[in-house]
$ cat structure_37.cif   # mmCIF, C-alpha atoms
data_target
#
loop_
_atom_site.group_PDB
_atom_site.id
_atom_site.type_symbol
_atom_site.label_atom_id
_atom_site.label_comp_id
_atom_site.auth_asym_id
_atom_site.auth_seq_id
_atom_site.Cartn_x
_atom_site.Cartn_y
_atom_site.Cartn_z
ATOM 1 C CA MET A 1 105.493 96.434 33.813
ATOM 2 C CA GLY A 2 108.203 96.347 36.452
ATOM 3 C CA LYS A 3 108.243 98.409 39.626
ATOM 4 C CA SER A 4 111.372 100.342 38.702
ATOM 5 C CA ARG A 5 109.085 103.140 37.542
ATOM 6 C CA ARG A 6 106.212 104.585 39.504
ATOM 7 C CA THR A 7 102.802 104.553 37.854
ATOM 8 C CA LEU A 8 100.831 107.742 37.240
ATOM 9 C CA PRO A 9 98.223 106.916 39.913
ATOM 10 C CA GLU A 10 101.044 106.491 42.442
ATOM 11 C CA GLU A 11 102.629 109.772 41.382
ATOM 12 C CA LEU A 12 99.335 111.670 41.469
ATOM 13 C CA LEU A 13 98.605 110.405 44.976
ATOM 14 C CA LEU A 14 102.091 111.276 46.253
ATOM 15 C CA LEU A 15 101.705 114.728 44.719
ATOM 16 C CA ALA A 16 98.422 115.190 46.602
ATOM 17 C CA LEU A 17 99.779 113.949 49.938
ATOM 18 C CA ASP A 18 100.380 116.814 52.361
ATOM 19 C CA PRO A 19 103.627 116.115 54.270
ATOM 20 C CA ALA A 20 102.550 118.357 57.149
ATOM 21 C CA THR A 21 99.152 116.783 57.856
ATOM 22 C CA GLY A 22 99.439 113.295 56.382
ATOM 23 C CA THR A 23 96.189 113.796 54.493
ATOM 24 C CA THR A 24 95.487 114.132 50.780
ATOM 25 C CA ALA A 25 94.375 117.347 49.114
ATOM 26 C CA GLN A 26 91.146 117.288 47.100
ATOM 27 C CA PRO A 27 90.032 113.879 48.445
ATOM 28 C CA GLN A 28 86.642 113.953 46.709
ATOM 29 C CA SER A 29 87.984 114.527 43.214
ATOM 30 C CA LEU A 30 91.159 112.504 43.734
ATOM 31 C CA ASP A 31 89.318 109.198 43.240
ATOM 32 C CA LEU A 32 88.227 110.421 39.809
ATOM 33 C CA GLY A 33 91.758 111.556 39.015
ATOM 34 C CA LEU A 34 93.183 108.185 40.022
ATOM 35 C CA ALA A 35 90.696 106.404 37.738
ATOM 36 C CA GLY A 36 91.810 108.724 34.932
ATOM 37 C CA ALA A 37 95.480 108.158 35.782
ATOM 38 C CA GLN A 38 94.929 104.424 35.394
ATOM 39 C CA LEU A 39 93.642 104.991 31.868
ATOM 40 C CA VAL A 40 96.663 107.115 30.931
ATOM 41 C CA GLU A 41 99.075 104.591 32.431
ATOM 42 C CA LEU A 42 97.428 101.750 30.512
ATOM 43 C CA ALA A 43 97.670 103.834 27.325
ATOM 44 C CA LEU A 44 101.381 104.515 27.958
ATOM 45 C CA ALA A 45 101.825 100.764 28.424
ATOM 46 C CA GLY A 46 100.171 100.134 25.039
ATOM 47 C CA ARG A 47 97.185 98.273 26.512
ATOM 48 C CA ILE A 48 94.449 100.751 25.585
ATOM 49 C CA ALA A 49 94.067 103.542 23.032
ATOM 50 C CA PRO A 50 91.554 106.219 22.040
ATOM 51 C CA ASP A 51 88.990 104.947 19.540
ATOM 52 C CA GLY A 52 87.316 108.051 18.204
ATOM 53 C CA ASP A 53 85.674 109.486 21.304
ATOM 54 C CA ARG A 54 86.054 106.293 23.323
ATOM 55 C CA ILE A 55 88.683 104.119 25.012
ATOM 56 C CA ALA A 56 89.402 100.677 23.542
ATOM 57 C CA VAL A 57 91.474 97.754 24.802
ATOM 58 C CA VAL A 58 94.057 96.958 22.133
ATOM 59 C CA VAL A 59 96.331 94.529 24.026
ATOM 60 C CA PRO A 60 94.634 92.677 26.911
ATOM 61 C CA ARG A 61 97.919 91.231 28.207
ATOM 62 C CA PRO A 62 98.429 92.024 31.927
ATOM 63 C CA THR A 63 100.940 94.683 32.866
ATOM 64 C CA GLY A 64 102.123 92.972 36.037
ATOM 65 C CA ASP A 65 100.635 95.707 38.233
ATOM 66 C CA PRO A 66 97.615 94.159 40.062
ATOM 67 C CA THR A 67 95.656 97.402 40.421
ATOM 68 C CA LEU A 68 96.136 98.399 36.787
ATOM 69 C CA ASP A 69 95.402 94.878 35.622
ATOM 70 C CA HIS A 70 92.106 94.900 37.507
ATOM 71 C CA ALA A 71 91.110 98.061 35.641
ATOM 72 C CA LEU A 72 92.284 96.542 32.345
ATOM 73 C CA GLU A 73 90.197 93.436 32.952
ATOM 74 C CA LEU A 74 87.119 95.526 33.728
ATOM 75 C CA LEU A 75 87.634 97.422 30.478
ATOM 76 C CA ARG A 76 88.106 94.152 28.559
ATOM 77 C CA ARG A 77 84.886 92.735 29.965
ATOM 78 C CA ARG A 78 82.948 95.648 28.525
ATOM 79 C CA GLY A 79 83.491 94.057 25.130
ATOM 80 C CA ALA A 80 83.333 97.422 23.343
ATOM 81 C CA PRO A 81 85.066 100.787 23.609
ATOM 82 C CA VAL A 82 83.818 102.816 26.564
ATOM 83 C CA ARG A 83 83.343 106.555 26.929
ATOM 84 C CA ALA A 84 85.939 108.128 29.199
ATOM 85 C CA VAL A 85 83.404 110.079 31.260
ATOM 86 C CA HIS A 86 81.342 106.959 31.874
ATOM 87 C CA TRP A 87 84.386 104.955 32.923
ATOM 88 C CA ILE A 88 85.796 107.624 35.254
ATOM 89 C CA GLY A 89 82.386 108.394 36.725
ATOM 90 C CA GLY A 90 81.595 104.695 37.229
ATOM 91 C CA PRO A 91 81.213 102.917 40.576
ATOM 92 C CA ARG A 92 84.897 102.512 41.345
ATOM 93 C CA LEU A 93 85.303 105.153 44.024
ATOM 94 C CA GLY A 94 87.632 104.252 46.867
ATOM 95 C CA LEU A 95 90.724 104.228 44.667
ATOM 96 C CA ARG A 96 92.410 106.739 46.972
ATOM 97 C CA GLN A 97 92.368 104.261 49.859
ATOM 98 C CA THR A 98 93.298 101.409 47.527
ATOM 99 C CA TYR A 99 96.402 103.255 46.396
ATOM 100 C CA LEU A 100 97.288 104.493 49.881
ATOM 101 C CA SER A 101 97.234 100.880 51.081
ATOM 102 C CA HIS A 102 99.264 99.875 48.027
ATOM 103 C CA LEU A 103 101.898 102.560 48.687
ATOM 104 C CA GLU A 104 102.071 101.422 52.308
ATOM 105 C CA ARG A 105 102.654 97.805 51.239
ATOM 106 C CA ILE A 106 105.552 98.765 48.981
ATOM 107 C CA GLY A 107 107.079 101.014 51.631
ATOM 108 C CA MET A 108 106.503 104.404 50.007
ATOM 109 C CA VAL A 109 104.237 105.725 52.766
ATOM 110 C CA THR A 110 103.820 104.917 56.447
ATOM 111 C CA ALA A 111 100.394 104.748 58.094
ATOM 112 C CA VAL A 112 100.101 106.622 61.403
ATOM 113 C CA ALA A 113 97.098 105.798 63.588
ATOM 114 C CA GLY A 114 95.422 108.571 65.554
ATOM 115 C CA GLN A 115 92.111 109.843 66.891
ATOM 116 C CA MET A 116 89.791 112.669 65.966
ATOM 117 C CA CYS A 117 88.311 114.553 68.925
ATOM 118 C CA GLY A 118 89.905 111.920 71.139
ATOM 119 C CA VAL A 119 87.343 109.335 70.045
ATOM 120 C CA LEU A 120 87.142 108.585 66.314
ATOM 121 C CA PRO A 121 90.050 106.510 64.949
ATOM 122 C CA THR A 122 91.915 108.096 62.050
ATOM 123 C CA THR A 123 94.817 107.113 59.830
ATOM 124 C CA ARG A 124 97.295 109.570 58.358
ATOM 125 C CA TYR A 125 99.992 108.768 55.852
ATOM 126 C CA GLN A 126 103.540 110.088 55.817
ATOM 127 C CA ALA A 127 105.816 109.712 52.801
ATOM 128 C CA ALA A 128 108.583 107.271 53.680
ATOM 129 C CA GLU A 129 110.778 108.506 50.823
ATOM 130 C CA THR A 130 110.538 112.282 50.661
ATOM 131 C CA SER A 131 113.051 112.337 47.806
ATOM 132 C CA THR A 132 110.478 110.575 45.625
ATOM 133 C CA SER A 133 107.832 113.222 46.276
ATOM 134 C CA ARG A 134 110.385 115.980 45.686
ATOM 135 C CA GLU A 135 111.378 114.456 42.334
ATOM 136 C CA ILE A 136 107.753 114.321 41.193
ATOM 137 C CA ARG A 137 107.169 117.928 42.223
ATOM 138 C CA SER A 138 110.449 118.988 40.600
ATOM 139 C CA ARG A 139 109.329 117.636 37.225
ATOM 140 C CA LEU A 140 106.186 119.754 37.328
ATOM 141 C CA ASP A 141 108.061 122.815 38.551
ATOM 142 C CA THR A 142 110.611 122.458 35.752
ATOM 143 C CA ALA A 143 107.921 122.137 33.077
ATOM 144 C CA ILE A 144 106.132 125.201 34.448
ATOM 145 C CA ARG A 145 109.266 127.304 34.865
ATOM 146 C CA THR A 146 110.997 126.551 31.565
ATOM 147 C CA GLY A 147 108.019 126.308 29.246
ATOM 148 C CA VAL A 148 109.764 123.410 27.480
ATOM 149 C CA PRO A 149 107.224 120.756 26.382
ATOM 150 C CA PRO A 150 107.460 117.973 28.967
ATOM 151 C CA ASP A 151 107.545 114.247 28.297
ATOM 152 C CA PRO A 152 104.104 112.593 27.912
ATOM 153 C CA ARG A 153 104.150 111.187 31.453
ATOM 154 C CA THR A 154 104.832 114.563 33.067
ATOM 155 C CA ALA A 155 102.331 116.295 30.771
ATOM 156 C CA ALA A 156 99.647 113.768 31.745
ATOM 157 C CA LEU A 157 100.474 114.190 35.432
ATOM 158 C CA ALA A 158 100.123 117.968 35.068
ATOM 159 C CA ALA A 159 96.800 117.559 33.266
ATOM 160 C CA LEU A 160 95.444 115.291 35.987
ATOM 161 C CA ALA A 161 96.755 117.518 38.783
ATOM 162 C CA HIS A 162 94.914 120.446 37.218
ATOM 163 C CA ALA A 163 91.764 118.379 36.659
ATOM 164 C CA VAL A 164 91.419 117.363 40.314
ATOM 165 C CA GLY A 165 92.216 120.854 41.600
ATOM 166 C CA LEU A 166 95.713 120.305 42.970
ATOM 167 C CA GLY A 167 96.918 123.580 41.463
ATOM 168 C CA LYS A 168 95.783 125.601 44.474
ATOM 169 C CA HIS A 169 97.450 123.068 46.787
ATOM 170 C CA LEU A 170 100.753 123.036 44.915
ATOM 171 C CA TYR A 171 100.868 126.739 44.016
ATOM 172 C CA PRO A 172 98.681 128.587 46.546
ATOM 173 C CA GLY A 173 97.705 132.229 46.802
ATOM 174 C CA ASN A 174 98.126 135.137 44.456
ATOM 175 C CA GLU A 175 101.814 134.415 44.049
ATOM 176 C CA GLY A 176 100.964 130.998 42.623
ATOM 177 C CA ARG A 177 98.448 132.275 40.085
ATOM 178 C CA SER A 178 100.805 132.258 37.100
ATOM 179 C CA SER A 179 102.055 128.765 38.000
ATOM 180 C CA ARG A 180 98.491 127.478 38.217
ATOM 181 C CA SER A 181 97.811 128.962 34.800
ATOM 182 C CA ARG A 182 100.883 127.293 33.329
ATOM 183 C CA LEU A 183 99.928 123.992 34.973
ATOM 184 C CA ARG A 184 96.576 124.201 33.193
ATOM 185 C CA ASP A 185 98.279 124.982 29.894
ATOM 186 C CA LEU A 186 100.428 121.824 30.091
ATOM 187 C CA ILE A 187 97.269 119.836 29.389
ATOM 188 C CA ARG A 188 97.778 120.348 25.648
ATOM 189 C CA HIS A 189 101.071 118.447 25.511
ATOM 190 C CA ASP A 190 99.602 114.942 25.848
ATOM 191 C CA PRO A 191 96.432 114.057 23.886
ATOM 192 C CA MET A 192 95.500 111.054 26.049
ATOM 193 C CA GLY A 193 96.201 112.935 29.265
ATOM 194 C CA GLY A 194 94.161 115.864 27.995
ATOM 195 C CA LEU A 195 91.242 113.664 26.978
ATOM 196 C CA VAL A 196 91.161 111.967 30.372
ATOM 197 C CA ALA A 197 91.664 115.197 32.334
ATOM 198 C CA HIS A 198 88.744 116.849 30.554
ATOM 199 C CA ALA A 199 86.639 113.765 31.304
ATOM 200 C CA VAL A 200 87.544 114.054 35.008
ATOM 201 C CA MET A 201 86.443 117.698 35.005
ATOM 202 C CA ASP A 202 83.260 116.852 33.132
ATOM 203 C CA VAL A 203 82.308 114.220 35.720
ATOM 204 C CA GLN A 204 82.883 116.738 38.518
ATOM 205 C CA ASN A 205 80.728 119.281 36.680
ATOM 206 C CA GLY A 206 77.951 116.752 36.155
ATOM 207 C CA ALA A 207 78.465 116.867 32.395
ATOM 208 C CA ALA A 208 78.280 113.110 31.813
ATOM 209 C CA ALA A 209 74.744 113.543 30.502
ATOM 210 C CA PRO A 210 73.670 112.691 26.924
ATOM 211 C CA ALA A 211 75.443 114.709 24.244
ATOM 212 C CA ARG A 212 74.112 118.164 23.482
ATOM 213 C CA ARG A 213 72.000 118.577 20.397
ATOM 214 C CA GLY A 214 71.891 121.406 17.958
ATOM 215 C CA GLN A 215 75.561 122.040 17.163
ATOM 216 C CA ALA A 216 76.153 121.927 13.445
ATOM 217 C CA PRO A 217 78.545 119.212 12.216
ATOM 218 C CA GLY A 218 82.041 120.484 11.620
ATOM 219 C CA ARG A 219 81.480 123.731 13.471
ATOM 220 C CA VAL A 220 84.562 124.901 15.346
ATOM 221 C CA PRO A 221 83.466 126.370 18.693
ATOM 222 C CA SER A 222 84.962 129.511 20.135
ATOM 223 C CA GLN A 223 87.456 129.204 22.984
ATOM 224 C CA PRO A 224 84.863 129.637 25.784
ATOM 225 C CA GLN A 225 82.492 127.236 24.017
ATOM 226 C CA ARG A 226 85.269 124.695 23.504
ATOM 227 C CA ALA A 227 86.086 124.570 27.213
ATOM 228 C CA ALA A 228 82.412 123.970 27.986
ATOM 229 C CA SER A 229 81.923 121.311 25.327
ATOM 230 C CA VAL A 230 85.036 119.178 25.500
ATOM 231 C CA GLY A 231 83.108 116.611 27.482
ATOM 232 C CA THR A 232 80.652 116.260 24.625
ATOM 233 C CA ALA A 233 83.525 115.374 22.309
ATOM 234 C CA LEU A 234 84.509 112.558 24.675
ATOM 235 C CA ARG A 235 81.127 110.940 24.505
#
$ encode --input "structure_37.cif" --output "structure tokens"
Amino acid sequence: MGKSRRTLPEELLLLALDPATGTTAQPQSLDLGLAGAQLVELALAGRIAPDGDRIAVVVPRPTGDPTLDHALELLRRRGAPVRAVHWIGGPRLGLRQTYLSHLERIGMVTAVAGQMCGVLPTTRYQAAETSTSREIRSRLDTAIRTGVPPDPRTAALAALAHAVGLGKHLYPGNEGRSSRSRLRDLIRHDPMGGLVAHAVMDVQNGAAAPARRGQAPGRVPSQPQRAASVGTALR
């Protein structure tokens, strides 16, 4: 995979980066979203694929992206398909800083040192290429405004942005309510992105517990039930 195209984790992080403060929105859930974005990017690259309710490595060949290849190797070492919620909720937090450092190395963000309360050292990040962030945002805005089904990459980005709670950052207040609703609806346009996004939300909701018992096989849940039980279908 060449660097002519940004990866989904890079795009998700740039989308979350606040140009005014140099900090990222939703920092706690963003690590989970970045782990999910890695899965979608590997699927788009043909390296992994859904296997029933799990994720399986289908082509272990490296992509050329060191961070993605590390994730691919960890998946390969599992030796068997892994449940999305277990992978995303696994001990790989810190991806936000990993990707911030990566974006700094490739010149897409600039680190700015500072202090909190005049004592504690802090680091803020400013986008070095604002046109890149604007292009990413424009793709989401266009998909929301036109209602035209977006390409799989944009649909997955929308699904992940919704899953980590970026909707209220991108489209704040009452005036952004309809846009947040449409952002959520874009989740249906990419099956892999939707699967991963629901897994991200399930991990945040503490739903990575053993599957629920008592639902009859083949039963189609109602809409409210479906939203509450998607995580079970991933396990």
$ resolve_selection --input "structure_37.cif" --expression "the PyMOL selection byres ((chain A and resi 133) around 12)" --output "list in words"
Arg6, Glu10, Glu11, Leu12, Leu13, Leu14, Leu15, Ala16, Leu17, Asp18, Pro19, Met108, Val109, Gln126, Ala127, Ala128, Glu129, Thr130, Ser131, Thr132, Arg134, Glu135, Ile136, Arg137, Ser138, Arg139 and Leu140 of chain A
$ residues_around --input "structure_37.cif" --residues "stretch 55-64 of chain A" --least-positions-apart "4" --cutoff "6 Å" --atoms "all atoms listed in the file" --output "list of chain:residue names"
A:Met1, A:Arg47, A:Ile48, A:Ala49, A:Pro50, A:Asp51, A:Asp69, A:Pro81, A:Val82
$ closest_residue --input "structure_37.cif" --among "A:Arg78, A:Asn174, A:Ala84, A:Gly94" --to "A:Asp53" --atoms "only C-alpha atoms"
A:Ala84
$ residues_around --input "structure_37.cif" --residues "stretch 156-172 of chain A" --least-positions-apart "5" --cutoff "8 Å" --atoms "all atoms listed in the file" --output "ChimeraX atom specification"
/A:8,11-12,16,25-26,29-30,32-33,36-37,40,140,177,179-180,183-184,186-187,189-190,192-194,196-198,200-201
$ atom_distance --input "structure_37.cif" --atom1 "atom CA of A:Gly90" --atom2 "atom CA of A:Gly22"
27.6 Å
$ closest_residue --input "structure_37.cif" --among "A:Leu68, A:Ala43, A:Leu34, A:Ala80" --to "A:Leu100" --atoms "all atoms listed in the file"
A:Leu34
$ atom_distance --input "structure_37.cif" --atom1 "atom CA of A:Pro9" --atom2 "atom CA of A:Pro91"
17.5 Å
$ residues_around --input "structure_37.cif" --residues "stretch 123-125 of chain A" --least-positions-apart "6" --cutoff "7 Å" --atoms "only C-alpha atoms" --output "MDAnalysis selection string"
chainID A and resid 22:23 109:114
$ atom_distance --input "structure_37.cif" --atom1 "atom CA of A:Gln28" --atom2 "atom CA of A:Ile106"
24.4 Å
$ closest_residue --input "structure_37.cif" --among "A:Gly176, A:Leu44, A:Ala143, A:Ala35" --to "A:Val85" --atoms "only C-alpha atoms"
A:Ala35
$ closest_residue --input "structure_37.cif" --among "A:Arg105, A:Arg96, A:Arg188, A:Arg83" --to "A:Leu39" --atoms "all atoms listed in the file"
A:Arg83
$ build_atoms --input "structure_37.cif" --residues "stretch 73-103 of chain A" --atoms "N, CA and C atoms" --output "PDB file, in the coordinates of the input"
ATOM      1  N   GLU A  73      91.141  94.540  33.095  1.00  0.00           N
ATOM      2  CA  GLU A  73      90.197  93.436  32.952  1.00  0.00           C
ATOM      3  C   GLU A  73      88.756  93.950  32.930  1.00  0.00           C
ATOM      4  N   LEU A  74      88.463  94.947  33.750  1.00  0.00           N
ATOM      5  CA  LEU A  74      87.119  95.526  33.728  1.00  0.00           C
ATOM      6  C   LEU A  74      86.814  96.160  32.369  1.00  0.00           C
ATOM      7  N   LEU A  75      87.812  96.840  31.806  1.00  0.00           N
ATOM      8  CA  LEU A  75      87.634  97.422  30.478  1.00  0.00           C
ATOM      9  C   LEU A  75      87.433  96.328  29.430  1.00  0.00           C
ATOM     10  N   ARG A  76      88.211  95.255  29.530  1.00  0.00           N
ATOM     11  CA  ARG A  76      88.106  94.152  28.559  1.00  0.00           C
ATOM     12  C   ARG A  76      86.724  93.513  28.608  1.00  0.00           C
ATOM     13  N   ARG A  77      86.183  93.377  29.806  1.00  0.00           N
ATOM     14  CA  ARG A  77      84.886  92.735  29.965  1.00  0.00           C
ATOM     15  C   ARG A  77      83.760  93.547  29.346  1.00  0.00           C
ATOM     16  N   ARG A  78      83.982  94.838  29.171  1.00  0.00           N
ATOM     17  CA  ARG A  78      82.948  95.648  28.525  1.00  0.00           C
ATOM     18  C   ARG A  78      82.659  95.160  27.112  1.00  0.00           C
ATOM     19  N   GLY A  79      83.678  94.617  26.460  1.00  0.00           N
ATOM     20  CA  GLY A  79      83.491  94.057  25.130  1.00  0.00           C
ATOM     21  C   GLY A  79      83.422  95.081  24.015  1.00  0.00           C
ATOM     22  N   ALA A  80      83.400  96.347  24.349  1.00  0.00           N
ATOM     23  CA  ALA A  80      83.333  97.422  23.343  1.00  0.00           C
ATOM     24  C   ALA A  80      83.989  98.654  23.945  1.00  0.00           C
ATOM     25  N   PRO A  81      84.474  99.553  23.094  1.00  0.00           N
ATOM     26  CA  PRO A  81      85.066 100.787  23.609  1.00  0.00           C
ATOM     27  C   PRO A  81      84.099 101.540  24.522  1.00  0.00           C
ATOM     28  N   VAL A  82      84.636 102.150  25.553  1.00  0.00           N
ATOM     29  CA  VAL A  82      83.818 102.816  26.564  1.00  0.00           C
ATOM     30  C   VAL A  82      84.135 104.309  26.587  1.00  0.00           C
ATOM     31  N   ARG A  83      83.152 105.111  26.834  1.00  0.00           N
ATOM     32  CA  ARG A  83      83.343 106.555  26.929  1.00  0.00           C
ATOM     33  C   ARG A  83      84.114 106.891  28.200  1.00  0.00           C
ATOM     34  N   ALA A  84      85.073 107.795  28.070  1.00  0.00           N
ATOM     35  CA  ALA A  84      85.939 108.128  29.199  1.00  0.00           C
ATOM     36  C   ALA A  84      85.146 108.660  30.389  1.00  0.00           C
ATOM     37  N   VAL A  85      84.170 109.518  30.146  1.00  0.00           N
ATOM     38  CA  VAL A  85      83.404 110.079  31.260  1.00  0.00           C
ATOM     39  C   VAL A  85      82.605 109.010  31.982  1.00  0.00           C
ATOM     40  N   HIS A  86      82.120 108.020  31.250  1.00  0.00           N
ATOM     41  CA  HIS A  86      81.342 106.959  31.874  1.00  0.00           C
ATOM     42  C   HIS A  86      82.245 106.039  32.687  1.00  0.00           C
ATOM     43  N   TRP A  87      83.453 105.804  32.182  1.00  0.00           N
ATOM     44  CA  TRP A  87      84.386 104.955  32.923  1.00  0.00           C
ATOM     45  C   TRP A  87      84.836 105.645  34.204  1.00  0.00           C
ATOM     46  N   ILE A  88      85.271 106.893  34.094  1.00  0.00           N
ATOM     47  CA  ILE A  88      85.796 107.624  35.254  1.00  0.00           C
ATOM     48  C   ILE A  88      84.694 107.885  36.278  1.00  0.00           C
ATOM     49  N   GLY A  89      83.496 108.135  35.814  1.00  0.00           N
ATOM     50  CA  GLY A  89      82.386 108.394  36.725  1.00  0.00           C
ATOM     51  C   GLY A  89      81.689 107.142  37.202  1.00  0.00           C
ATOM     52  N   GLY A  90      82.206 105.962  36.847  1.00  0.00           N
ATOM     53  CA  GLY A  90      81.595 104.695  37.229  1.00  0.00           C
ATOM     54  C   GLY A  90      81.778 104.369  38.701  1.00  0.00           C
ATOM     55  N   PRO A  91      81.192 103.274  39.145  1.00  0.00           N
ATOM     56  CA  PRO A  91      81.213 102.917  40.576  1.00  0.00           C
ATOM     57  C   PRO A  91      82.525 102.266  41.011  1.00  0.00           C
ATOM     58  N   ARG A  92      83.615 103.040  40.890  1.00  0.00           N
ATOM     59  CA  ARG A  92      84.897 102.512  41.345  1.00  0.00           C
ATOM     60  C   ARG A  92      85.563 103.488  42.303  1.00  0.00           C
ATOM     61  N   LEU A  93      84.745 104.241  43.044  1.00  0.00           N
ATOM     62  CA  LEU A  93      85.303 105.153  44.024  1.00  0.00           C
ATOM     63  C   LEU A  93      85.958 104.341  45.142  1.00  0.00           C
ATOM     64  N   GLY A  94      86.859 104.973  45.865  1.00  0.00           N
ATOM     65  CA  GLY A  94      87.632 104.252  46.867  1.00  0.00           C
ATOM     66  C   GLY A  94      89.044 103.984  46.401  1.00  0.00           C
ATOM     67  N   LEU A  95      89.386 104.457  45.195  1.00  0.00           N
ATOM     68  CA  LEU A  95      90.724 104.228  44.667  1.00  0.00           C
ATOM     69  C   LEU A  95      91.790 104.912  45.517  1.00  0.00           C
ATOM     70  N   ARG A  96      91.436 106.033  46.134  1.00  0.00           N
ATOM     71  CA  ARG A  96      92.410 106.739  46.972  1.00  0.00           C
ATOM     72  C   ARG A  96      92.900 105.824  48.093  1.00  0.00           C
ATOM     73  N   GLN A  97      91.965 105.166  48.782  1.00  0.00           N
ATOM     74  CA  GLN A  97      92.368 104.261  49.859  1.00  0.00           C
ATOM     75  C   GLN A  97      93.075 103.030  49.310  1.00  0.00           C
ATOM     76  N   THR A  98      92.632 102.556  48.154  1.00  0.00           N
ATOM     77  CA  THR A  98      93.298 101.409  47.527  1.00  0.00           C
ATOM     78  C   THR A  98      94.762 101.713  47.262  1.00  0.00           C
ATOM     79  N   TYR A  99      95.025 102.902  46.719  1.00  0.00           N
ATOM     80  CA  TYR A  99      96.402 103.255  46.396  1.00  0.00           C
ATOM     81  C   TYR A  99      97.212 103.644  47.631  1.00  0.00           C
ATOM     82  N   LEU A 100      96.574 104.229  48.638  1.00  0.00           N
ATOM     83  CA  LEU A 100      97.288 104.493  49.881  1.00  0.00           C
ATOM     84  C   LEU A 100      97.747 103.185  50.515  1.00  0.00           C
ATOM     85  N   SER A 101      96.867 102.184  50.535  1.00  0.00           N
ATOM     86  CA  SER A 101      97.234 100.880  51.081  1.00  0.00           C
ATOM     87  C   SER A 101      98.330 100.235  50.249  1.00  0.00           C
ATOM     88  N   HIS A 102      98.239 100.413  48.927  1.00  0.00           N
ATOM     89  CA  HIS A 102      99.264  99.875  48.027  1.00  0.00           C
ATOM     90  C   HIS A 102     100.623 100.534  48.299  1.00  0.00           C
ATOM     91  N   LEU A 103     100.639 101.861  48.427  1.00  0.00           N
ATOM     92  CA  LEU A 103     101.898 102.560  48.687  1.00  0.00           C
ATOM     93  C   LEU A 103     102.469 102.181  50.048  1.00  0.00           C
TER      94      LEU A 103
END
